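**Q** Below you'll find work_22.txt; it's compact mmCIF, C-alpha atoms and all ligand atoms.
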```
# COMPACT_ATOMS: atom_id res chain seq x y z
CA MET A 478 19.12 14.70 -14.69
CA THR A 479 17.35 14.42 -18.02
CA TYR A 480 14.70 16.74 -19.42
CA LEU A 481 12.04 14.10 -18.79
CA SER A 482 12.98 13.32 -15.21
CA ARG A 483 13.24 17.04 -14.39
CA ASN A 484 9.86 17.87 -15.86
CA CYS A 485 7.75 14.75 -15.64
CA GLY A 486 8.88 12.73 -12.63
CA SER A 487 11.10 9.70 -12.97
CA PHE A 488 11.00 5.96 -13.52
CA ALA A 489 12.03 5.53 -9.87
CA ASP A 490 8.62 6.51 -8.48
CA LYS A 491 6.62 4.21 -10.72
CA ARG A 492 3.51 2.54 -9.34
CA VAL A 493 3.53 -0.63 -11.42
CA ALA A 494 5.75 -3.43 -10.13
CA ASP A 495 7.85 -5.59 -12.45
CA TRP A 496 6.78 -9.21 -12.62
CA SER A 497 9.08 -11.50 -10.64
CA GLU A 498 9.08 -15.07 -9.34
CA ARG A 499 7.19 -13.97 -6.26
CA HIS A 500 4.17 -13.44 -8.54
CA SER A 501 4.37 -16.96 -9.98
CA VAL A 502 1.25 -19.15 -9.96
CA GLY A 503 3.38 -22.16 -10.92
CA LEU A 504 2.12 -22.46 -14.50
CA GLY A 505 4.42 -21.07 -17.22
CA PRO A 506 1.82 -19.86 -19.75
CA LEU A 507 -0.15 -17.96 -17.10
CA ASP A 508 3.02 -16.50 -15.56
CA HIS A 509 3.92 -15.30 -19.06
CA ASP A 510 0.49 -13.67 -19.40
CA HIS A 511 0.95 -11.90 -16.05
CA ASN A 512 4.43 -10.78 -17.05
CA LEU A 513 3.12 -9.28 -20.32
CA ILE A 514 0.25 -7.55 -18.51
CA PHE A 515 2.65 -5.98 -15.99
CA ILE A 516 4.79 -4.76 -18.92
CA ALA A 517 1.71 -3.27 -20.63
CA LEU A 518 0.69 -1.58 -17.38
CA GLY A 519 4.20 -0.14 -17.01
CA THR A 520 4.06 1.10 -20.60
CA LEU A 521 0.69 2.74 -19.94
CA GLU A 522 2.05 4.40 -16.80
CA ASN A 523 5.08 5.77 -18.65
CA GLU A 524 3.04 7.01 -21.59
CA LEU A 525 0.69 8.93 -19.31
CA LYS A 526 3.54 10.29 -17.23
CA PHE A 527 5.81 11.38 -20.06
CA LEU A 528 3.58 11.92 -23.08
CA ARG A 529 0.07 12.51 -21.69
CA ARG A 530 -2.29 11.86 -24.59
CA GLY A 531 0.42 10.78 -26.97
CA PRO A 532 -0.12 9.23 -30.39
CA THR A 533 0.28 5.66 -29.10
CA LEU A 534 -1.94 5.85 -26.00
CA SER A 535 -4.99 4.29 -27.64
CA LYS A 536 -2.85 1.42 -28.99
CA THR A 537 -1.40 0.78 -25.53
CA VAL A 538 -4.91 0.76 -24.01
CA LYS A 539 -6.10 -1.64 -26.73
CA PHE A 540 -3.09 -3.89 -26.19
CA LEU A 541 -3.67 -3.97 -22.41
CA SER A 542 -7.37 -4.74 -22.94
CA HIS A 543 -6.55 -7.51 -25.41
CA LEU A 544 -3.98 -9.12 -23.07
CA THR A 545 -6.38 -8.88 -20.14
CA SER A 546 -9.30 -10.42 -21.99
CA ARG A 547 -7.17 -13.24 -23.45
CA HIS A 548 -5.68 -13.99 -20.03
CA PHE A 549 -9.04 -14.02 -18.23
CA THR A 550 -10.44 -16.42 -20.87
CA ARG A 551 -7.45 -18.72 -20.43
CA GLU A 552 -7.63 -18.73 -16.62
CA GLU A 553 -11.40 -19.27 -16.60
CA HIS A 554 -11.09 -22.17 -19.04
CA LEU A 555 -8.46 -23.81 -16.83
CA MET A 556 -10.45 -23.30 -13.62
CA GLU A 557 -13.60 -24.75 -15.17
CA SER A 558 -11.74 -27.69 -16.72
CA LEU A 559 -10.21 -28.54 -13.33
CA ALA A 560 -13.57 -28.03 -11.57
CA TYR A 561 -11.91 -25.47 -9.30
CA PRO A 562 -14.45 -24.80 -6.52
CA ARG A 563 -13.98 -21.01 -6.50
CA ALA A 564 -14.12 -20.58 -10.29
CA ARG A 565 -17.39 -18.63 -10.26
CA GLU A 566 -16.20 -16.15 -7.65
CA HIS A 567 -12.92 -15.71 -9.54
CA ARG A 568 -14.74 -15.15 -12.82
CA GLU A 569 -16.85 -12.46 -11.13
CA GLN A 570 -13.69 -10.60 -10.11
CA HIS A 571 -12.54 -10.70 -13.74
CA GLY A 572 -15.94 -9.44 -14.89
CA LEU A 573 -15.83 -6.48 -12.52
CA LEU A 574 -12.39 -5.39 -13.69
CA THR A 575 -13.39 -5.79 -17.36
CA ALA A 576 -16.47 -3.58 -16.84
CA TRP A 577 -14.38 -1.01 -14.95
CA MET A 578 -11.75 -0.92 -17.72
CA GLU A 579 -14.40 -0.49 -20.41
CA ALA A 580 -15.92 2.43 -18.49
CA VAL A 581 -12.72 4.21 -17.45
CA LEU A 582 -9.92 3.61 -19.97
CA PRO A 583 -11.45 5.48 -22.96
CA SER A 584 -11.22 8.77 -21.04
CA LEU A 585 -7.58 8.34 -20.00
CA GLY A 586 -5.45 11.33 -20.90
CA GLU A 587 -8.47 13.34 -22.01
CA ASN A 588 -9.12 15.22 -18.84
CA ARG A 589 -5.75 16.95 -18.77
CA ARG A 590 -5.68 16.11 -15.08
CA PRO A 591 -2.60 14.08 -14.19
CA SER A 592 -4.17 13.12 -10.84
CA TYR A 593 -7.02 11.30 -12.66
CA ASP A 594 -4.62 9.32 -14.85
CA ASP A 595 -2.43 8.61 -11.85
CA ALA A 596 -5.40 7.29 -9.86
CA VAL A 597 -6.39 5.00 -12.76
CA VAL A 598 -2.87 3.55 -13.03
CA ALA A 599 -2.69 3.15 -9.22
CA TYR A 600 -6.01 1.30 -9.19
CA LEU A 601 -4.90 -1.07 -11.96
CA ALA A 602 -1.51 -1.69 -10.33
CA ASP A 603 -3.17 -2.43 -6.96
CA TRP A 604 -5.87 -4.61 -8.52
CA TRP A 605 -3.34 -6.81 -10.33
CA SER A 606 -1.04 -7.11 -7.30
CA LEU A 607 -3.88 -8.05 -4.97
CA HIS A 608 -5.66 -10.34 -7.43
CA ASN A 609 -2.41 -12.11 -8.22
CA GLU A 610 -1.45 -12.44 -4.56
CA ARG A 611 -4.82 -13.77 -3.43
CA ALA A 612 -7.10 -15.18 -6.13
CA ASP A 613 -4.56 -16.28 -8.76
CA LYS A 614 -2.14 -17.90 -6.35
CA GLU A 615 -5.04 -19.76 -4.78
CA TYR A 616 -5.98 -21.50 -8.03
CA GLY A 617 -2.23 -22.00 -8.58
CA ARG A 618 -2.03 -24.01 -5.34
CA PHE A 619 -5.12 -25.98 -6.37
CA ALA A 620 -3.68 -26.73 -9.85
CA ASP A 621 -0.31 -27.63 -8.38
CA LYS A 622 -1.67 -31.02 -7.31
CA ARG A 623 -2.54 -31.74 -10.99
CA SER A 624 0.12 -29.71 -12.75
CA GLN A 625 0.57 -32.11 -15.69
CA GLU A 626 -3.17 -32.08 -16.41
CA ALA A 627 -3.26 -28.29 -16.03
CA MET A 628 -0.44 -27.86 -18.56
CA THR A 629 -2.19 -30.16 -21.04
CA ILE A 630 -5.40 -28.12 -20.70
CA LEU A 631 -3.49 -24.88 -21.31
CA ASP A 632 -1.54 -26.31 -24.26
CA GLU A 633 -4.68 -27.63 -25.93
CA PHE A 634 -6.52 -24.36 -25.33
CA ALA A 635 -3.64 -22.38 -26.90
CA LEU A 636 -4.09 -24.39 -30.10
CA THR A 637 -7.79 -23.53 -30.36
CA ALA A 638 -7.76 -19.90 -29.10
FE FE B 1 -4.32 -13.88 -13.61
FE FE B 2 -7.47 -14.19 -12.23
```
Mind turning this structure into structure tokens?
**A**
Amino acid sequence: MTYLSRNCGSFADKRVADWSERHSVGLGPLDHDHNLIFIALGTLENELKFLRRGPTLSKTVKFLSHLTSRHFTREEHLMESLAYPRAREHREQHGLLTAWMEAVLPSLGENRRPSYDDAVVAYLADWWSLHNERADKEYGRFADKRSQEAMTILDEFALTA
């Protein structure tokens, strides 16, 4: 047993899942986004668990916020370009999480209460799992019928973003 696992818990009881094929929405660039976001969430969880308010926490939070915002923009552009019928509802879910992150993340690690940080990480991990499982996979099934067109939209958007 290491010093960290004896004193700060272990990697085994982590809340954030690793991205795997079961999370796939069938579109490589968006799967890559999800994979990166899961990695950033795992990094945030480990930082809070092992370092508390360590010197890199604000960078990790900024990185997670940047990845999230970039990904939401990309998904929303695709859904609107394909005239996905539930685009507005999906965009609203993104908006709610963005507002929640802006309100909550700046105080992470400040309260010196591990239960607060743990609850924040648990909420984010659950939100992404549920959103991926329901809302994201739903547009994935819709886009699957026009996968070539969807990939062209994503490729062209990557060049302008
Ligand atoms: Fe997504
Ligand atoms: Fe989404």
**Q** For the atom pair CA of His511 in chain A and CA of Ala560 in chain A, what is the interatomic distance in Å to one decimal place?
**A** 22.2 Å
**Q** With only C-alpha atoms and all ligand atoms as the basis for distance, which of A:Glu557, A:Asp490, A:Glu552, A:Asp621 is at the shortest distance from ligand FE 2 (chain B)?
**A**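 Under the stated criterion, the closest residue is A:Glu552.
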**Q** Pick from A:Asn523, A:Ser624, A:Asn512, A:Ser497: nearest to ligand FE 1 (chain B), with all atoms listed in the file counted?
**A**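 Of the candidates, the smallest distance to ligand FE 1 (chain B) is held by A:Asn512.
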**Q** For His567 in chain A, work out the shell of residues within 10 Å, counting all atoms listed in the file and skipping chain neighbours fewer than 4 positions away, then give it as a list in words.
**A**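 Listed by chain and then number, they are Phe549, Glu552, Glu553, Met556, Tyr561, Pro562, Arg563, His571, Gly572, His608, Ala612, Asp613 and Tyr616 of chain A.
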**Q** Hey, which residues come within 12 Å of ligand FE 2 (chain B) if we count all atoms listed in the file? Could you give them as number ranges by chain?
**A** A: 502, 507-508, 510-511, 514, 545-556, 563-575, 604-617
**Q** Just write the chosen residues, C-alpha atoms, as a PDB file, keeping the file's coordinate frame.
**A**
```pdb
ATOM      1  CA  VAL A 502       1.250 -19.150  -9.960  1.00  0.00           C
ATOM      2  CA  LEU A 507      -0.150 -17.960 -17.100  1.00  0.00           C
ATOM      3  CA  ASP A 508       3.020 -16.500 -15.560  1.00  0.00           C
ATOM      4  CA  ASP A 510       0.490 -13.670 -19.400  1.00  0.00           C
ATOM      5  CA  HIS A 511       0.950 -11.900 -16.050  1.00  0.00           C
ATOM      6  CA  ILE A 514       0.250  -7.550 -18.510  1.00  0.00           C
ATOM      7  CA  THR A 545      -6.380  -8.880 -20.140  1.00  0.00           C
ATOM      8  CA  SER A 546      -9.300 -10.420 -21.990  1.00  0.00           C
ATOM      9  CA  ARG A 547      -7.170 -13.240 -23.450  1.00  0.00           C
ATOM     10  CA  HIS A 548      -5.680 -13.990 -20.030  1.00  0.00           C
ATOM     11  CA  PHE A 549      -9.040 -14.020 -18.230  1.00  0.00           C
ATOM     12  CA  THR A 550     -10.440 -16.420 -20.870  1.00  0.00           C
ATOM     13  CA  ARG A 551      -7.450 -18.720 -20.430  1.00  0.00           C
ATOM     14  CA  GLU A 552      -7.630 -18.730 -16.620  1.00  0.00           C
ATOM     15  CA  GLU A 553     -11.400 -19.270 -16.600  1.00  0.00           C
ATOM     16  CA  HIS A 554     -11.090 -22.170 -19.040  1.00  0.00           C
ATOM     17  CA  LEU A 555      -8.460 -23.810 -16.830  1.00  0.00           C
ATOM     18  CA  MET A 556     -10.450 -23.300 -13.620  1.00  0.00           C
ATOM     19  CA  ARG A 563     -13.980 -21.010  -6.500  1.00  0.00           C
ATOM     20  CA  ALA A 564     -14.120 -20.580 -10.290  1.00  0.00           C
ATOM     21  CA  ARG A 565     -17.390 -18.630 -10.260  1.00  0.00           C
ATOM     22  CA  GLU A 566     -16.200 -16.150  -7.650  1.00  0.00           C
ATOM     23  CA  HIS A 567     -12.920 -15.710  -9.540  1.00  0.00           C
ATOM     24  CA  ARG A 568     -14.740 -15.150 -12.820  1.00  0.00           C
ATOM     25  CA  GLU A 569     -16.850 -12.460 -11.130  1.00  0.00           C
ATOM     26  CA  GLN A 570     -13.690 -10.600 -10.110  1.00  0.00           C
ATOM     27  CA  HIS A 571     -12.540 -10.700 -13.740  1.00  0.00           C
ATOM     28  CA  GLY A 572     -15.940  -9.440 -14.890  1.00  0.00           C
ATOM     29  CA  LEU A 573     -15.830  -6.480 -12.520  1.00  0.00           C
ATOM     30  CA  LEU A 574     -12.390  -5.390 -13.690  1.00  0.00           C
ATOM     31  CA  THR A 575     -13.390  -5.790 -17.360  1.00  0.00           C
ATOM     32  CA  TRP A 604      -5.870  -4.610  -8.520  1.00  0.00           C
ATOM     33  CA  TRP A 605      -3.340  -6.810 -10.330  1.00  0.00           C
ATOM     34  CA  SER A 606      -1.040  -7.110  -7.300  1.00  0.00           C
ATOM     35  CA  LEU A 607      -3.880  -8.050  -4.970  1.00  0.00           C
ATOM     36  CA  HIS A 608      -5.660 -10.340  -7.430  1.00  0.00           C
ATOM     37  CA  ASN A 609      -2.410 -12.110  -8.220  1.00  0.00           C
ATOM     38  CA  GLU A 610      -1.450 -12.440  -4.560  1.00  0.00           C
ATOM     39  CA  ARG A 611      -4.820 -13.770  -3.430  1.00  0.00           C
ATOM     40  CA  ALA A 612      -7.100 -15.180  -6.130  1.00  0.00           C
ATOM     41  CA  ASP A 613      -4.560 -16.280  -8.760  1.00  0.00           C
ATOM     42  CA  LYS A 614      -2.140 -17.900  -6.350  1.00  0.00           C
ATOM     43  CA  GLU A 615      -5.040 -19.760  -4.780  1.00  0.00           C
ATOM     44  CA  TYR A 616      -5.980 -21.500  -8.030  1.00  0.00           C
ATOM     45  CA  GLY A 617      -2.230 -22.000  -8.580  1.00  0.00           C
TER      46      GLY A 617
END
```
**Q** Rounded to one decimal, what separation in Å do you get between CA of Ala494 in chain A and CA of Ala599 in chain A?
**A** 10.7 Å
**Q** For Leu521 in chain A, please output as an mmCIF file with C-alpha atoms, in the coordinates of the input all residues within 9 Å (counting all atoms listed in the file; exclusion window: fewer than 2 positions along the same chain).
**A**
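Produced file result.cif, reproduced below:
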```
data_model
loop_
_atom_site.group_PDB
_atom_site.id
_atom_site.type_symbol
_atom_site.label_atom_id
_atom_site.label_comp_id
_atom_site.auth_asym_id
_atom_site.auth_seq_id
_atom_site.Cartn_x
_atom_site.Cartn_y
_atom_site.Cartn_z
ATOM 1 C CA ILE A 516 4.790 -4.760 -18.920
ATOM 2 C CA ALA A 517 1.710 -3.270 -20.630
ATOM 3 C CA LEU A 518 0.690 -1.580 -17.380
ATOM 4 C CA GLY A 519 4.200 -0.140 -17.010
ATOM 5 C CA ASN A 523 5.080 5.770 -18.650
ATOM 6 C CA GLU A 524 3.040 7.010 -21.590
ATOM 7 C CA LEU A 525 0.690 8.930 -19.310
ATOM 8 C CA LYS A 526 3.540 10.290 -17.230
ATOM 9 C CA LEU A 534 -1.940 5.850 -26.000
ATOM 10 C CA THR A 537 -1.400 0.780 -25.530
ATOM 11 C CA VAL A 538 -4.910 0.760 -24.010
ATOM 12 C CA LEU A 541 -3.670 -3.970 -22.410
ATOM 13 C CA VAL A 598 -2.870 3.550 -13.030
#
```
**Q** Measure the distance from CA of Tyr593 in chain A to CA of Arg529 in chain A in Å and round it to one decimal.
**A**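 Distance reported for this atom pair: 11.5 Å.
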**Q** Excluding range 626-638 of chain A and residues on its chain fewer than 6 positions from it, collect all residues at most 8 Å away from it, counting all atoms listed in the file, and give them as a short mmCIF file (atom, residue, chain, number, x, y, z; two decimals) with C-alpha atoms, keeping the file's coordinate frame.
**A**
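result_17.cif, written as the output of this step:
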```cif
data_model
loop_
_atom_site.label_atom_id
_atom_site.label_comp_id
_atom_site.auth_asym_id
_atom_site.auth_seq_id
_atom_site.Cartn_x
_atom_site.Cartn_y
_atom_site.Cartn_z
CA LEU A 504 2.12 -22.46 -14.50
CA PRO A 506 1.82 -19.86 -19.75
CA ARG A 551 -7.45 -18.72 -20.43
CA LEU A 555 -8.46 -23.81 -16.83
CA SER A 558 -11.74 -27.69 -16.72
CA LEU A 559 -10.21 -28.54 -13.33
CA ALA A 620 -3.68 -26.73 -9.85
#
```
**Q** Measuring between all atoms listed in the file, which one of A:Leu544, A:Asp495, A:Leu528, A:Leu582 shows the shortest distance to ligand FE 1 (chain B)?
**A** A:Leu544
**Q** Which of these residues is nearest to Lys622 in chain A, using all atoms listed in the file: A:Lys539, A:Ala576, A:Gly503, A:Leu513?
**A**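 Smallest separation from Lys622 in chain A among the options: A:Gly503.
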**Q** If I only want range 499-615 of chain A, can you write it with C-alpha atoms, as a CSV table (one decimal), in the first residue's frame?
**A**
```
chain,number,residue,atom,x,y,z
A,499,ARG,CA,-20.2,1.3,-25.0
A,500,HIS,CA,-20.2,5.1,-24.9
A,501,SER,CA,-19.8,5.5,-28.7
A,502,VAL,CA,-22.2,7.7,-30.6
A,503,GLY,CA,-20.8,6.3,-33.9
A,504,LEU,CA,-19.0,9.5,-34.9
A,505,GLY,CA,-15.2,9.5,-34.4
A,506,PRO,CA,-14.6,13.2,-33.6
A,507,LEU,CA,-17.4,13.3,-31.0
A,508,ASP,CA,-16.3,10.0,-29.5
A,509,HIS,CA,-12.8,11.6,-29.2
A,510,ASP,CA,-14.3,14.7,-27.5
A,511,HIS,CA,-16.2,12.4,-25.0
A,512,ASN,CA,-13.0,10.4,-24.3
A,513,LEU,CA,-11.0,13.6,-23.6
A,514,ILE,CA,-13.8,14.9,-21.3
A,515,PHE,CA,-13.9,11.6,-19.3
A,516,ILE,CA,-10.0,11.9,-19.0
A,517,ALA,CA,-10.3,15.5,-17.8
A,518,LEU,CA,-13.0,14.5,-15.3
A,519,GLY,CA,-10.8,11.6,-14.0
A,520,THR,CA,-7.9,14.1,-13.6
A,521,LEU,CA,-10.1,16.5,-11.7
A,522,GLU,CA,-11.3,13.6,-9.4
A,523,ASN,CA,-7.7,12.5,-8.7
A,524,GLU,CA,-6.5,16.1,-8.1
A,525,LEU,CA,-9.2,16.7,-5.5
A,526,LYS,CA,-8.7,13.3,-3.9
A,527,PHE,CA,-4.9,13.4,-3.7
A,528,LEU,CA,-3.9,17.1,-3.7
A,529,ARG,CA,-7.0,19.0,-2.6
A,530,ARG,CA,-6.4,22.6,-3.8
A,531,GLY,CA,-3.2,21.8,-5.5
A,532,PRO,CA,-1.3,24.2,-7.8
A,533,THR,CA,-2.8,22.7,-11.0
A,534,LEU,CA,-6.5,22.6,-10.0
A,535,SER,CA,-7.5,25.8,-11.7
A,536,LYS,CA,-5.8,24.7,-14.9
A,537,THR,CA,-7.7,21.3,-14.8
A,538,VAL,CA,-11.0,23.2,-14.2
A,539,LYS,CA,-10.2,25.5,-17.1
A,540,PHE,CA,-9.2,22.6,-19.4
A,541,LEU,CA,-12.5,20.7,-18.5
A,542,SER,CA,-14.5,23.9,-19.1
A,543,HIS,CA,-12.8,24.5,-22.5
A,544,LEU,CA,-13.3,20.9,-23.6
A,545,THR,CA,-17.0,21.0,-22.6
A,546,SER,CA,-17.7,24.2,-24.3
A,547,ARG,CA,-15.9,23.2,-27.5
A,548,HIS,CA,-17.8,19.8,-27.5
A,549,PHE,CA,-21.2,21.4,-26.9
A,550,THR,CA,-20.6,23.8,-29.8
A,551,ARG,CA,-19.6,21.0,-32.1
A,552,GLU,CA,-22.6,18.8,-31.2
A,553,GLU,CA,-25.1,21.7,-31.5
A,554,HIS,CA,-23.7,22.7,-34.9
A,555,LEU,CA,-24.1,19.1,-36.1
A,556,MET,CA,-27.6,18.7,-34.7
A,557,GLU,CA,-28.7,22.0,-36.3
A,558,SER,CA,-27.1,21.2,-39.7
A,559,LEU,CA,-28.9,17.8,-39.8
A,560,ALA,CA,-32.2,19.4,-38.6
A,561,TYR,CA,-32.3,17.0,-35.7
A,562,PRO,CA,-35.8,17.3,-34.3
A,563,ARG,CA,-34.7,17.3,-30.6
A,564,ALA,CA,-31.8,19.8,-31.1
A,565,ARG,CA,-33.4,22.6,-29.0
A,566,GLU,CA,-34.1,20.3,-26.0
A,567,HIS,CA,-30.5,18.9,-26.3
A,568,ARG,CA,-29.0,22.4,-26.4
A,569,GLU,CA,-31.0,23.3,-23.2
A,570,GLN,CA,-29.4,20.4,-21.4
A,571,HIS,CA,-26.0,21.7,-22.4
A,572,GLY,CA,-26.9,25.2,-21.3
A,573,LEU,CA,-28.0,23.9,-17.8
A,574,LEU,CA,-24.7,22.1,-17.3
A,575,THR,CA,-22.7,25.1,-18.5
A,576,ALA,CA,-24.5,27.4,-16.0
A,577,TRP,CA,-24.0,24.8,-13.2
A,578,MET,CA,-20.3,24.5,-13.9
A,579,GLU,CA,-19.8,28.3,-14.0
A,580,ALA,CA,-21.6,28.6,-10.6
A,581,VAL,CA,-20.0,25.6,-8.8
A,582,LEU,CA,-16.5,24.9,-10.2
A,583,PRO,CA,-14.7,28.1,-9.0
A,584,SER,CA,-15.3,27.1,-5.4
A,585,LEU,CA,-13.9,23.5,-5.8
A,586,GLY,CA,-11.3,22.7,-3.2
A,587,GLU,CA,-11.9,26.0,-1.3
A,588,ASN,CA,-14.2,24.7,1.3
A,589,ARG,CA,-11.8,22.2,2.8
A,590,ARG,CA,-14.7,19.8,2.8
A,591,PRO,CA,-14.0,16.7,0.9
A,592,SER,CA,-17.7,15.7,0.8
A,593,TYR,CA,-18.5,18.9,-1.2
A,594,ASP,CA,-15.8,18.2,-3.8
A,595,ASP,CA,-16.8,14.5,-3.9
A,596,ALA,CA,-20.5,15.5,-4.5
A,597,VAL,CA,-19.4,17.8,-7.4
A,598,VAL,CA,-17.4,15.1,-9.0
A,599,ALA,CA,-20.2,12.6,-8.5
A,600,TYR,CA,-22.7,15.0,-10.1
A,601,LEU,CA,-20.4,15.6,-13.1
A,602,ALA,CA,-19.7,11.9,-13.6
A,603,ASP,CA,-23.5,11.0,-13.4
A,604,TRP,CA,-24.4,13.9,-15.7
A,605,TRP,CA,-22.0,12.8,-18.4
A,606,SER,CA,-22.9,9.1,-18.1
A,607,LEU,CA,-26.6,9.8,-18.3
A,608,HIS,CA,-26.4,12.5,-21.0
A,609,ASN,CA,-24.2,10.2,-23.1
A,610,GLU,CA,-26.4,7.2,-22.6
A,611,ARG,CA,-29.7,9.0,-23.4
A,612,ALA,CA,-29.4,12.3,-25.3
A,613,ASP,CA,-26.1,11.8,-27.2
A,614,LYS,CA,-26.7,8.3,-28.3
A,615,GLU,CA,-30.1,9.4,-29.5
```
